[in-house]
$ cat entry.pdb   # PDB, C-alpha atoms
ATOM      1  CA  MET A 359      16.072 -33.684  -2.402
ATOM      2  CA  ALA A 360      16.396 -36.481  -4.947
ATOM      3  CA  GLU A 361      14.304 -38.808  -2.792
ATOM      4  CA  ARG A 362      11.520 -36.273  -2.275
ATOM      5  CA  TYR A 363      11.450 -34.844  -5.795
ATOM      6  CA  GLY A 364      12.688 -37.820  -7.792
ATOM      7  CA  ASN A 365      10.167 -37.259 -10.601
ATOM      8  CA  TYR A 366      11.504 -33.764 -11.267
ATOM      9  CA  VAL A 367      15.259 -33.929 -10.729
ATOM     10  CA  GLN A 368      16.030 -35.208 -14.232
ATOM     11  CA  CYS A 369      13.751 -32.676 -15.954
ATOM     12  CA  GLY A 370      14.819 -29.318 -17.331
ATOM     13  CA  ASP A 371      13.432 -26.128 -15.833
ATOM     14  CA  GLY A 372      11.598 -25.195 -19.032
ATOM     15  CA  GLU A 373       9.786 -28.513 -19.120
ATOM     16  CA  LEU A 374       8.876 -28.251 -15.443
ATOM     17  CA  ILE A 375       7.476 -24.756 -15.862
ATOM     18  CA  ASP A 376       5.352 -25.926 -18.803
ATOM     19  CA  ARG A 377       4.001 -28.785 -16.686
ATOM     20  CA  LEU A 378       3.382 -26.410 -13.772
ATOM     21  CA  ARG A 379       1.348 -24.117 -16.002
ATOM     22  CA  ARG A 380      -0.722 -27.112 -17.083
ATOM     23  CA  GLY A 381      -1.684 -27.614 -13.449
ATOM     24  CA  GLU A 382       0.756 -30.248 -12.187
ATOM     25  CA  THR A 383       1.091 -29.793  -8.435
ATOM     26  CA  GLY A 384       4.324 -30.092  -6.476
ATOM     27  CA  ILE A 385       6.585 -28.555  -9.093
ATOM     28  CA  MET A 386       6.656 -25.103  -7.490
ATOM     29  CA  ASP A 387       7.841 -26.649  -4.222
ATOM     30  CA  TYR A 388      10.662 -28.344  -6.100
ATOM     31  CA  ILE A 389      11.681 -25.125  -7.880
ATOM     32  CA  CYS A 390      11.710 -23.252  -4.561
ATOM     33  CA  GLU A 391      13.870 -25.952  -3.016
ATOM     34  CA  LYS A 392      16.194 -26.000  -6.027
ATOM     35  CA  TYR A 393      16.767 -22.233  -6.013
ATOM     36  CA  LYS A 394      16.671 -21.495  -2.279
ATOM     37  CA  ASN A 395      20.469 -21.351  -2.048
ATOM     38  CA  LEU A 396      20.584 -18.830  -4.891
ATOM     39  CA  VAL A 397      18.055 -16.675  -3.045
ATOM     40  CA  ARG A 398      20.059 -16.897   0.185
ATOM     41  CA  SER A 399      23.290 -16.037  -1.615
ATOM     42  CA  LYS A 400      21.720 -12.958  -3.204
ATOM     43  CA  ALA A 401      20.228 -11.921   0.138
ATOM     44  CA  LYS A 402      23.656 -12.190   1.766
ATOM     45  CA  SER A 403      25.205  -9.882  -0.825
ATOM     46  CA  MET A 404      22.356  -7.351  -0.654
ATOM     47  CA  PHE A 405      22.498  -7.389   3.167
ATOM     48  CA  ILE A 406      25.517  -5.075   3.112
ATOM     49  CA  LEU A 407      23.273  -2.343   1.714
ATOM     50  CA  GLY A 408      21.526  -2.210   5.089
ATOM     51  CA  ALA A 409      18.452  -4.353   4.456
ATOM     52  CA  ASP A 410      17.135  -7.082   6.757
ATOM     53  CA  ASN A 411      18.323 -10.529   5.642
ATOM     54  CA  GLU A 412      15.031 -12.343   6.283
ATOM     55  CA  ASP A 413      13.078  -9.646   4.453
ATOM     56  CA  LEU A 414      15.458  -9.974   1.525
ATOM     57  CA  ILE A 415      14.953 -13.733   1.415
ATOM     58  CA  GLN A 416      11.191 -13.163   1.259
ATOM     59  CA  GLU A 417      11.645 -10.647  -1.532
ATOM     60  CA  GLY A 418      13.922 -13.087  -3.323
ATOM     61  CA  MET A 419      11.227 -15.757  -3.216
ATOM     62  CA  ILE A 420       8.765 -13.254  -4.649
ATOM     63  CA  GLY A 421      11.282 -12.637  -7.432
ATOM     64  CA  LEU A 422      11.510 -16.385  -8.028
ATOM     65  CA  PHE A 423       7.725 -16.686  -8.278
ATOM     66  CA  LYS A 424       7.709 -13.823 -10.777
ATOM     67  CA  ALA A 425      10.410 -15.587 -12.774
ATOM     68  CA  VAL A 426       8.282 -18.725 -12.976
ATOM     69  CA  ARG A 427       5.254 -16.648 -13.942
ATOM     70  CA  ASP A 428       6.995 -14.615 -16.637
ATOM     71  CA  TYR A 429       9.532 -17.039 -18.082
ATOM     72  CA  ASP A 430       9.240 -17.506 -21.843
ATOM     73  CA  THR A 431      11.075 -20.613 -23.038
ATOM     74  CA  GLY A 432      11.164 -19.339 -26.596
ATOM     75  CA  ARG A 433      12.468 -15.858 -25.845
ATOM     76  CA  ASP A 434      14.425 -15.728 -22.588
ATOM     77  CA  ALA A 435      17.807 -17.195 -21.703
ATOM     78  CA  SER A 436      18.039 -20.234 -19.449
ATOM     79  CA  PHE A 437      15.605 -20.172 -16.553
ATOM     80  CA  SER A 438      18.441 -20.052 -14.020
ATOM     81  CA  THR A 439      19.791 -16.860 -15.615
ATOM     82  CA  PHE A 440      16.313 -15.347 -15.846
ATOM     83  CA  ALA A 441      15.534 -16.323 -12.241
ATOM     84  CA  GLU A 442      18.772 -14.750 -10.972
ATOM     85  CA  LEU A 443      17.859 -11.512 -12.726
ATOM     86  CA  CYS A 444      14.317 -11.472 -11.310
ATOM     87  CA  ILE A 445      15.519 -12.290  -7.794
ATOM     88  CA  SER A 446      18.221  -9.589  -7.846
ATOM     89  CA  ARG A 447      15.855  -6.997  -9.292
ATOM     90  CA  GLN A 448      13.147  -7.748  -6.706
ATOM     91  CA  MET A 449      15.617  -7.518  -3.834
ATOM     92  CA  TYR A 450      17.176  -4.296  -5.044
ATOM     93  CA  THR A 451      13.765  -2.695  -5.524
ATOM     94  CA  ALA A 452      12.974  -3.611  -1.904
ATOM     95  CA  VAL A 453      16.303  -2.157  -0.715
ATOM     96  CA  GLN A 454      15.622   1.115  -2.515
ATOM     97  CA  ALA A 455      12.118   1.345  -1.076
ATOM     98  CA  SER A 456      13.333   0.723   2.483
ATOM     99  CA  ARG A 457      15.980   3.420   2.506
ATOM    100  CA  ARG A 458      14.861   6.281   0.318
ATOM    101  CA  ARG A 459      15.508   8.750   3.124
ATOM    102  CA  LYS A 460      19.211   7.930   3.376
ATOM    103  CA  HIS A 461      22.088   6.674   1.297
ATOM    104  CA  PHE A 462      23.980   3.452   1.947
ATOM    105  CA  PRO A 463      26.689   3.224   4.627
ATOM    106  CA  LEU A 464      29.960   2.801   2.791
ATOM    107  CA  ASN A 465      31.497  -0.615   3.312
ATOM    108  CA  THR A 466      34.875  -2.179   2.690
ATOM    109  CA  TYR A 467      34.008  -5.341   0.794
ATOM    110  CA  VAL A 468      34.527  -4.388  -2.849
ATOM    111  CA  SER A 469      37.478  -2.568  -4.322
ATOM    112  CA  LEU A 470      36.906   0.678  -6.184
ATOM    113  CA  ASP A 471      40.361   0.596  -7.703
ATOM    114  CA  SER A 472      41.117   3.466 -10.025
ATOM    115  CA  GLU A 473      42.341   2.500 -13.460
ATOM    116  CA  SER A 474      43.291   6.028 -14.472
ATOM    117  CA  PRO A 475      46.625   6.310 -16.293
ATOM    118  CA  GLY A 476      49.398   7.692 -14.113
ATOM    119  CA  ASP A 477      47.594   6.988 -10.853
ATOM    120  CA  ASP A 478      50.269   7.266  -8.179
ATOM    121  CA  ARG A 479      48.139   5.220  -5.761
ATOM    122  CA  GLU A 480      47.654   2.234  -8.040
ATOM    123  CA  GLY A 481      45.987  -0.577  -6.146
ATOM    124  CA  ALA A 482      44.520   1.713  -3.499
ATOM    125  CA  ASN A 483      40.856   0.988  -2.930
ATOM    126  CA  LEU A 484      38.028   2.594  -1.023
ATOM    127  CA  ALA A 485      38.632   0.389   1.990
ATOM    128  CA  GLU A 486      42.257   1.426   2.235
ATOM    129  CA  LEU A 487      41.480   5.090   1.739
ATOM    130  CA  LEU A 488      38.816   5.052   4.435
ATOM    131  CA  ALA A 489      40.482   2.792   6.971
ATOM    132  CA  ASP A 490      44.239   2.428   6.748
ATOM    133  CA  ARG A 491      44.579   0.965  10.241
ATOM    134  CA  VAL A 492      42.802  -1.815  12.073
ATOM    135  CA  GLU A 493      43.412  -0.486  15.590
ATOM    136  CA  LEU A 494      41.985   3.005  16.116
ATOM    137  CA  SER A 495      41.829   5.145  19.223
ATOM    138  CA  PRO A 496      38.435   6.600  20.266
ATOM    139  CA  GLU A 497      39.494   9.948  18.782
ATOM    140  CA  GLU A 498      40.529   8.286  15.532
ATOM    141  CA  ARG A 499      37.272   6.343  15.390
ATOM    142  CA  PHE A 500      35.331   9.587  15.762
ATOM    143  CA  LEU A 501      37.337  11.248  13.006
ATOM    144  CA  ASP A 502      36.971   8.202  10.781
ATOM    145  CA  LYS A 503      33.204   8.218  11.333
ATOM    146  CA  GLU A 504      33.092  11.898  10.449
ATOM    147  CA  ARG A 505      35.138  11.235   7.340
ATOM    148  CA  VAL A 506      32.776   8.505   6.147
ATOM    149  CA  ALA A 507      29.741  10.698   6.861
ATOM    150  CA  TYR A 508      31.300  13.492   4.798
ATOM    151  CA  LEU A 509      32.028  11.088   1.964
ATOM    152  CA  GLU A 510      28.446   9.771   2.013
ATOM    153  CA  ARG A 511      27.010  13.300   1.887
ATOM    154  CA  THR A 512      29.306  14.291  -0.947
ATOM    155  CA  ILE A 513      28.522  11.144  -2.940
ATOM    156  CA  GLU A 514      24.816  11.832  -2.484
ATOM    157  CA  GLU A 515      25.344  15.299  -3.952
ATOM    158  CA  GLU A 516      27.878  14.517  -6.697
ATOM    159  CA  LEU A 517      26.654  11.221  -8.164
ATOM    160  CA  SER A 518      23.686  11.011 -10.515
ATOM    161  CA  GLU A 519      20.790   8.733  -9.576
ATOM    162  CA  PHE A 520      21.956   6.169 -12.120
ATOM    163  CA  GLU A 521      25.521   6.287 -10.793
ATOM    164  CA  LYS A 522      24.268   5.762  -7.232
ATOM    165  CA  GLN A 523      22.257   2.743  -8.370
ATOM    166  CA  VAL A 524      25.315   1.329 -10.118
ATOM    167  CA  LEU A 525      27.436   1.896  -7.006
ATOM    168  CA  ASP A 526      24.808   0.253  -4.794
ATOM    169  CA  LEU A 527      24.944  -2.928  -6.849
ATOM    170  CA  TYR A 528      28.689  -2.800  -7.474
ATOM    171  CA  ILE A 529      29.461  -2.985  -3.773
ATOM    172  CA  THR A 530      27.422  -6.210  -3.564
ATOM    173  CA  GLY A 531      29.988  -7.790  -5.874
ATOM    174  CA  MET A 532      28.066  -7.634  -9.154
ATOM    175  CA  SER A 533      29.886  -7.110 -12.443
ATOM    176  CA  TYR A 534      28.863  -4.228 -14.688
ATOM    177  CA  SER A 535      27.082  -6.671 -17.027
ATOM    178  CA  GLN A 536      25.037  -8.078 -14.130
ATOM    179  CA  ILE A 537      24.257  -4.547 -12.943
ATOM    180  CA  ALA A 538      23.092  -3.625 -16.437
ATOM    181  CA  ARG A 539      20.641  -6.540 -16.470
ATOM    182  CA  VAL A 540      19.245  -5.730 -13.027
ATOM    183  CA  LEU A 541      18.758  -2.060 -13.882
ATOM    184  CA  GLY A 542      17.564  -2.746 -17.409
ATOM    185  CA  ARG A 543      20.285  -0.559 -18.911
ATOM    186  CA  ASP A 544      22.836  -0.921 -21.700
ATOM    187  CA  GLU A 545      26.113  -2.576 -20.654
ATOM    188  CA  LYS A 546      28.237   0.173 -22.167
ATOM    189  CA  ALA A 547      26.249   2.896 -20.399
ATOM    190  CA  THR A 548      26.562   0.976 -17.135
ATOM    191  CA  ASP A 549      30.308   0.519 -17.502
ATOM    192  CA  ASN A 550      30.687   4.222 -18.341
ATOM    193  CA  ALA A 551      28.702   5.139 -15.207
ATOM    194  CA  LEU A 552      30.926   2.860 -13.126
ATOM    195  CA  GLN A 553      34.076   4.523 -14.447
ATOM    196  CA  ARG A 554      32.605   7.993 -13.847
ATOM    197  CA  LEU A 555      31.636   7.267 -10.272
ATOM    198  CA  LYS A 556      35.056   5.771  -9.534
ATOM    199  CA  ALA A 557      36.667   8.958 -10.825
ATOM    200  CA  LYS A 558      34.301  11.141  -8.798
ATOM    201  CA  ILE A 559      34.942   9.203  -5.590
ATOM    202  CA  LYS A 560      38.693   9.364  -6.088
ATOM    203  CA  LYS A 561      38.400  13.119  -6.613
ATOM    204  CA  ILE A 562      36.388  13.459  -3.410
ATOM    205  CA  LEU A 563      38.978  11.469  -1.488
TER     206      LEU A 563
END

$ encode --input "entry.pdb" --output "structure tokens"
Amino acid sequence: MAERYGNYVQCGDGELIDRLRRGETGIMDYICEKYKNLVRSKAKSMFILGADNEDLIQEGMIGLFKAVRDYDTGRDASFSTFAELCISRQMYTAVQASRRRKHFPLNTYVSLDSESPGDDREGANLAELLADRVELSPEERFLDKERVAYLERTIEEELSEFEKQVLDLYITGMSYSQIARVLGRDEKATDNALQRLKAKIKKIL
């Protein structure tokens, strides 16, 4: 990349965006190349919500273009932080739009460990509660599938819309502060929602 974009590599993102807005060609190609791995990484994490990976990459690039368009060097944080927010928000909006008729399939990638005092199953997470064994018989697989379907239906009924949005993003590996930025909500409110939904899911289980 250094050979192809040698004139830009040593420049800061803010400077490049200013030059791009003044009409200098080639800079957008460099920014896309520079941030393509970030877009792919975000698409990989969002993929577990059931969206198509290639579609997510396209949405991520749209988010990157919006970041370049809207970035304010005097007001916003670093461009990389702002771009990550715009990319994540664009992808999540696309995920929501593509699956409004159904909730996410529960996955086993992120722990929903309870931190409640006196929890006698300390360290137990959603993965362990849903699938304690690797090898299952056909009958056990059927029962496990039914169990997950029941849990999904109950979560759909018991969690508020905000809590479901927080859970969606939490299972992609985001922290509560990252989730708050994507959803445009207060960090404390987001953390409270995360603790509530953990408690509700444990109660369901």

$ resolve_selection --input "entry.pdb" --expression "the PyMOL selection byres ((chain A and resi 388-402) around 8)" --output "list in words"
Tyr363, Tyr366, Gly384, Ile385, Met386, Asp387, Ser403, Met404, Phe405, Ile406, Asn411, Leu414, Ile415, Gly418, Met419, Leu422, Glu442, Ile445, Ser446 and Met449 of chain A

$ closest_residue --input "entry.pdb" --among "A:Gly381, A:Arg447, A:Asp526, A:Gly372" --to "Tyr429 of chain A" --atoms "all atoms listed in the file"
A:Gly372

$ atom_distance --input "entry.pdb" --atom1 "atom CA of Gly421 of chain A" --atom2 "atom CA of Ser518 of chain A"
26.9 Å

$ atom_distance --input "entry.pdb" --atom1 "atom CA of Phe440 of chain A" --atom2 "atom CA of Leu555 of chain A"
27.9 Å

$ atom_distance --input "entry.pdb" --atom1 "atom CA of Arg511 of chain A" --atom2 "atom CA of Arg554 of chain A"
17.5 Å

$ residues_around --input "entry.pdb" --residues "Leu541 of chain A" --least-positions-apart "3" --cutoff "12 Å" --atoms "only C-alpha atoms" --output "tab-separated table (two decimals) with C-alpha atoms, in the coordinates of the input"
chain	number	residue	atom	x	y	z
A	443	LEU	CA	17.86	-11.51	-12.73
A	444	CYS	CA	14.32	-11.47	-11.31
A	446	SER	CA	18.22	-9.59	-7.85
A	447	ARG	CA	15.86	-7.00	-9.29
A	448	GLN	CA	13.15	-7.75	-6.71
A	449	MET	CA	15.62	-7.52	-3.83
A	450	TYR	CA	17.18	-4.30	-5.04
A	451	THR	CA	13.76	-2.70	-5.52
A	519	GLU	CA	20.79	8.73	-9.58
A	520	PHE	CA	21.96	6.17	-12.12
A	521	GLU	CA	25.52	6.29	-10.79
A	522	LYS	CA	24.27	5.76	-7.23
A	523	GLN	CA	22.26	2.74	-8.37
A	524	VAL	CA	25.32	1.33	-10.12
A	525	LEU	CA	27.44	1.90	-7.01
A	526	ASP	CA	24.81	0.25	-4.79
A	527	LEU	CA	24.94	-2.93	-6.85
A	528	TYR	CA	28.69	-2.80	-7.47
A	532	MET	CA	28.07	-7.63	-9.15
A	534	TYR	CA	28.86	-4.23	-14.69
A	535	SER	CA	27.08	-6.67	-17.03
A	536	GLN	CA	25.04	-8.08	-14.13
A	537	ILE	CA	24.26	-4.55	-12.94
A	538	ALA	CA	23.09	-3.62	-16.44
A	544	ASP	CA	22.84	-0.92	-21.70
A	545	GLU	CA	26.11	-2.58	-20.65
A	547	ALA	CA	26.25	2.90	-20.40
A	548	THR	CA	26.56	0.98	-17.14

$ closest_residue --input "entry.pdb" --among "A:Val453, A:Ala441, A:Val367, A:Arg543" --to "Phe423 of chain A" --atoms "only C-alpha atoms"
A:Ala441

$ axis_aligned_box --input "entry.pdb" --around "segment 529-535 of chain A" --padding-each-side "4 Å" --output "JSON"
{"center_x": 28.5, "center_y": -5.4, "center_z": -10.3, "size_x": 10.9, "size_y": 12.8, "size_z": 21.5}

$ resolve_selection --input "entry.pdb" --expression "the PyMOL selection byres ((chain A and resi 431) around 10)" --output "PyMOL selection string"
chain A and resi 371-373+375-376+428-430+432-437
